[in-house]
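J.: model-v6.txt is reproduced in full below (compact mmCIF, C-alpha atoms).
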```
# COMPACT_ATOMS: atom_id res chain seq x y z
CA MET A 1 8.94 155.59 256.15
CA SER A 2 9.34 152.10 257.54
CA LYS A 3 10.52 149.24 255.31
CA TRP A 4 7.20 147.42 255.52
CA LEU A 5 5.12 150.50 254.75
CA LYS A 6 7.34 151.33 251.78
CA ALA A 7 7.06 147.75 250.50
CA PHE A 8 3.28 147.84 250.95
CA VAL A 9 3.01 151.08 248.98
CA LEU A 10 5.19 149.58 246.22
CA PHE A 11 3.01 146.44 246.26
CA LEU A 12 -0.14 148.54 245.83
CA LEU A 13 1.55 150.57 243.10
CA SER A 14 2.62 147.44 241.21
CA PHE A 15 -0.86 145.94 241.46
CA VAL A 16 -2.52 149.17 240.31
CA LEU A 17 -0.04 149.43 237.41
CA GLN A 18 -0.77 145.81 236.48
CA THR A 19 -4.53 146.26 236.50
CA THR A 20 -4.65 149.64 234.74
CA VAL A 21 -1.50 150.88 233.00
CA ALA A 22 -0.42 147.47 231.67
CA ASP A 23 -3.46 147.39 229.37
CA TRP A 24 -2.71 150.88 228.06
CA ILE A 25 0.91 150.12 227.20
CA SER A 26 0.34 146.62 225.85
CA MET A 27 1.66 145.90 222.38
CA PHE A 28 0.12 143.15 220.24
CA GLY A 29 -1.75 141.89 223.30
CA VAL A 30 1.43 141.63 225.38
CA ALA A 31 1.90 143.66 228.58
CA PRO A 32 4.68 143.76 231.16
CA ASP A 33 4.15 142.02 234.50
CA PHE A 34 4.64 144.72 237.13
CA VAL A 35 3.76 142.35 239.97
CA ILE A 36 6.59 139.92 239.26
CA ILE A 37 8.99 142.86 238.91
CA PHE A 38 7.94 143.91 242.40
CA VAL A 39 8.33 140.41 243.87
CA VAL A 40 11.77 139.92 242.32
CA ALA A 41 12.93 143.38 243.43
CA VAL A 42 11.77 142.80 247.02
CA ALA A 43 13.35 139.34 247.15
CA ILE A 44 16.65 140.70 245.81
CA LYS A 45 16.66 143.58 248.26
CA ARG A 46 15.32 141.87 251.41
CA GLY A 47 15.95 138.13 251.07
CA PRO A 48 13.88 134.94 250.98
CA ALA A 49 11.58 135.60 253.95
CA SER A 50 10.37 138.93 252.56
CA GLY A 51 10.32 137.46 249.07
CA CYS A 52 8.02 134.66 250.27
CA PHE A 53 5.75 137.04 252.16
CA TRP A 54 5.33 139.57 249.37
CA GLY A 55 5.25 136.83 246.72
CA PHE A 56 2.39 135.11 248.53
CA LEU A 57 0.52 138.38 249.03
CA ALA A 58 1.00 139.37 245.38
CA GLY A 59 0.02 135.93 244.09
CA PHE A 60 -3.00 135.72 246.36
CA ALA A 61 -4.13 139.16 245.20
CA GLN A 62 -3.78 138.01 241.59
CA ASP A 63 -5.74 134.84 242.34
CA VAL A 64 -8.56 136.80 243.94
CA TYR A 65 -8.59 139.51 241.27
CA ALA A 66 -8.31 137.26 238.21
CA PRO A 67 -11.34 135.26 237.08
CA VAL A 68 -9.71 131.82 237.25
CA GLU A 69 -10.82 128.49 238.62
CA TRP A 70 -7.45 127.63 240.18
CA LEU A 71 -7.38 129.69 243.34
CA GLY A 72 -3.89 129.45 244.78
CA ALA A 73 -1.88 128.81 241.60
CA HIS A 74 -0.55 132.38 241.45
CA ALA A 75 0.06 132.39 245.21
CA ILE A 76 2.16 129.21 245.03
CA SER A 77 4.16 130.30 241.99
CA MET A 78 4.88 133.82 243.30
CA THR A 79 5.79 132.52 246.78
CA LEU A 80 8.23 130.09 245.22
CA ILE A 81 9.75 132.84 243.06
CA GLY A 82 10.12 135.15 246.06
CA PHE A 83 11.91 132.42 248.00
CA LEU A 84 14.21 131.30 245.17
CA VAL A 85 15.24 134.81 244.16
CA GLY A 86 15.82 135.71 247.80
CA GLN A 87 18.06 132.65 248.14
CA LEU A 88 20.06 133.73 245.09
CA GLU A 89 20.72 137.10 246.65
CA GLU A 90 21.81 135.53 249.92
CA ARG A 91 24.11 133.06 248.17
CA PHE A 92 25.79 135.53 245.83
CA LEU A 93 25.77 138.52 248.22
CA THR A 94 25.12 141.23 245.63
CA LEU A 95 23.78 140.98 242.12
CA ASN A 96 24.86 143.53 239.53
CA PHE A 97 22.46 145.09 237.03
CA PRO A 98 22.71 142.52 234.19
CA THR A 99 22.41 139.65 236.66
CA LYS A 100 19.30 141.19 238.24
CA VAL A 101 17.66 141.44 234.81
CA GLY A 102 18.65 137.84 234.06
CA VAL A 103 17.22 136.69 237.37
CA LEU A 104 13.99 138.52 236.54
CA GLY A 105 13.77 136.66 233.22
CA LEU A 106 14.46 133.29 234.83
CA ALA A 107 11.94 134.05 237.59
CA PHE A 108 9.32 134.94 234.98
CA PHE A 109 9.78 131.60 233.19
CA VAL A 110 9.79 129.56 236.39
CA CYS A 111 6.71 131.39 237.67
CA ASP A 112 4.78 130.65 234.48
CA MET A 113 5.88 126.99 234.40
CA VAL A 114 4.86 126.48 238.06
CA TYR A 115 1.54 128.19 237.33
CA PHE A 116 0.96 125.96 234.28
CA PHE A 117 1.81 122.89 236.37
CA PHE A 118 -0.61 123.73 239.17
CA THR A 119 -3.43 124.61 236.79
CA GLY A 120 -3.10 121.17 235.19
CA LEU A 121 -2.47 122.31 231.63
CA GLU A 122 -1.38 119.62 229.18
CA GLY A 123 1.86 119.63 227.16
CA GLU A 124 0.55 121.04 223.89
CA ALA A 125 -1.37 123.83 225.63
CA VAL A 126 1.72 124.73 227.68
CA THR A 127 3.89 124.85 224.54
CA ASN A 128 1.34 127.05 222.79
CA LEU A 129 1.01 129.42 225.78
CA PHE A 130 4.78 129.47 226.24
CA LEU A 131 5.43 130.54 222.65
CA LYS A 132 2.51 132.94 222.25
CA GLU A 133 2.34 134.52 225.71
CA THR A 134 5.25 133.69 228.00
CA LEU A 135 8.11 134.59 225.63
CA PRO A 136 6.71 137.95 224.47
CA GLU A 137 5.53 138.92 227.99
CA CYS A 138 8.94 137.98 229.38
CA ALA A 139 10.73 140.17 226.84
CA TYR A 140 8.48 143.14 227.64
CA THR A 141 8.80 142.52 231.38
CA LEU A 142 12.60 142.34 231.07
CA PHE A 143 12.62 145.70 229.30
CA VAL A 144 10.40 147.40 231.88
CA GLY A 145 12.08 145.60 234.79
CA GLY A 146 15.50 146.60 233.47
CA LEU A 147 14.37 150.24 233.46
CA VAL A 148 13.03 149.89 237.00
CA PHE A 149 16.24 148.26 238.25
CA TYR A 150 18.40 150.84 236.48
CA LEU A 151 16.43 153.79 237.86
CA SER A 152 16.29 152.34 241.37
CA MET A 153 20.04 151.71 241.56
CA GLY A 154 20.88 155.40 241.69
CA LYS A 155 24.32 156.80 241.03
CA PRO A 156 27.32 154.89 242.28
CA ALA A 157 29.00 156.40 245.33
CA LYS A 158 32.25 158.21 244.65
CA HIS A 159 35.14 157.14 246.85
CA ALA A 160 37.21 159.83 248.50
CA LYS A 161 40.96 159.67 247.93
```
Take the structure in this file and express it as structure tokens.

T.:
Amino acid sequence: MSKWLKAFVLFLLSFVLQTTVADWISMFGVAPDFVIIFVVAVAIKRGPASGCFWGFLAGFAQDVYAPVEWLGAHAISMTLIGFLVGQLEERFLTLNFPTKVGVLGLAFFVCDMVYFFFTGLEGEAVTNLFLKETLPECAYTLFVGGLVFYLSMGKPAKHAK
């Protein structure tokens, strides 16, 4: 299967998981963000250009799907995350498992802050959303994303003597 077809199938899978399964596995109104896990994983694996492309596509799909008035806010924030995470991977060559999970957490926070900025939310509303939604969703996303990263890494190759 080609790289682009595989990425497209994973994109569709992440979007379907986000729109269906996330509601089923939510706890106390908090669900993991499968779409940002996908964008971060693609950016880590394929670099900033692919991260931008898939981030824009994922964000645009969220903008179209979600009933919001700020068309483009998700697209901008996810594109930025795809680019920045892709740059991290290029700069540091390879990221180990704990670093990938940390990058996912940082990307989640940056994505939400950029989204809040472009939607024009005021300081008190941002603080309230940050404490009640961003922090719990980030923790859940880190847990699920950590599982995804761990399972996708596979077994380390054994070196012949």

J.: Counting only C-alpha atoms, figure out which residue out of A:Ile44, A:Gly105, A:Asp112, A:Asp63 gets nearest to Leu129 (chain A).

T.: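 Looking at the shortest contact to Leu129 (chain A), the residue is A:Asp112.
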
J.: With a distance cut-off of 6 Å and all atoms listed in the file, select the neighbouring residues of Thr79 (chain A), excluding the residue or stretch itself and same-chain residues fewer than 5 positions from it, and output the selection as an NGL selection string.

T.: :A and (52 or 55-56)

J.: Do a neighbour search on Cys138 (chain A) at 8 Å with only C-alpha atoms, toss out local chain neighbours closer than 5 positions, and write the hits as an MDAnalysis selection string.

T.: chainID A and resid 32 105 108:109

J.: Can you tell me, as an MDAnalysis selection string, what residues are no more than 8 Å from Ala58 (chain A) when counting all atoms listed in the file, ignoring any on the same chain fewer than 2 positions away?

T.: chainID A and resid 11 15 35 39 54:56 60:62 75 78

J.: CA of Asp33 (chain A) and CA of Gly146 (chain A), how far apart in Å?

T.: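 Between CA of Gly146 (chain A) and CA of Asp33 (chain A) the gap is 12.3 Å.
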
J.: Please write as a PDB file with C-alpha atoms, in the frame of the given file the list of polymer residues whose atoms come within 10 Å of (16.9, 134.1, 252.5), counting all atoms listed in the file and keeping to the coordinates of the file.

T.:
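Result file result.pdb:
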```pdb
ATOM      1  CA  ALA A  43      13.350 139.340 247.150  1.00  0.00           C
ATOM      2  CA  ILE A  44      16.650 140.700 245.810  1.00  0.00           C
ATOM      3  CA  ARG A  46      15.320 141.870 251.410  1.00  0.00           C
ATOM      4  CA  GLY A  47      15.950 138.130 251.070  1.00  0.00           C
ATOM      5  CA  PRO A  48      13.880 134.940 250.980  1.00  0.00           C
ATOM      6  CA  ALA A  49      11.580 135.600 253.950  1.00  0.00           C
ATOM      7  CA  SER A  50      10.370 138.930 252.560  1.00  0.00           C
ATOM      8  CA  GLY A  51      10.320 137.460 249.070  1.00  0.00           C
ATOM      9  CA  CYS A  52       8.020 134.660 250.270  1.00  0.00           C
ATOM     10  CA  GLY A  82      10.120 135.150 246.060  1.00  0.00           C
ATOM     11  CA  PHE A  83      11.910 132.420 248.000  1.00  0.00           C
ATOM     12  CA  LEU A  84      14.210 131.300 245.170  1.00  0.00           C
ATOM     13  CA  VAL A  85      15.240 134.810 244.160  1.00  0.00           C
ATOM     14  CA  GLY A  86      15.820 135.710 247.800  1.00  0.00           C
ATOM     15  CA  GLN A  87      18.060 132.650 248.140  1.00  0.00           C
ATOM     16  CA  LEU A  88      20.060 133.730 245.090  1.00  0.00           C
ATOM     17  CA  GLU A  89      20.720 137.100 246.650  1.00  0.00           C
ATOM     18  CA  GLU A  90      21.810 135.530 249.920  1.00  0.00           C
ATOM     19  CA  ARG A  91      24.110 133.060 248.170  1.00  0.00           C
TER      20      ARG A  91
END
```

J.: Looking at A:Ala7, A:Ile81, A:Ile36, A:Thr20, which one is nearest to Glu137 (chain A), with distances taken over all atoms listed in the file?

T.: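 Checking each of A:Ala7, A:Ile81, A:Ile36, A:Thr20 against Glu137 (chain A), counting all atoms listed in the file, the winner is A:Ile36.
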
J.: Rank nothing, just name the residue among A:Leu17, A:Ile37, A:Val114, A:Leu95 nearest to Gly72 (chain A), using all atoms listed in the file.

T.: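 Closest candidate: A:Val114.
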
J.: From the set A:Ser77, A:Thr99, A:Ser26, A:Thr19, which residue has the shortest atom-to-atom contact distance to Thr141 (chain A), counting all atoms listed in the file?

T.: A:Ser26

J.: Can you work out which one of A:Val42, A:Met153, A:Ala22, A:Leu71 has the shortest atom-to-atom distance to Trp4 (chain A), counting all atoms listed in the file?

T.: A:Val42
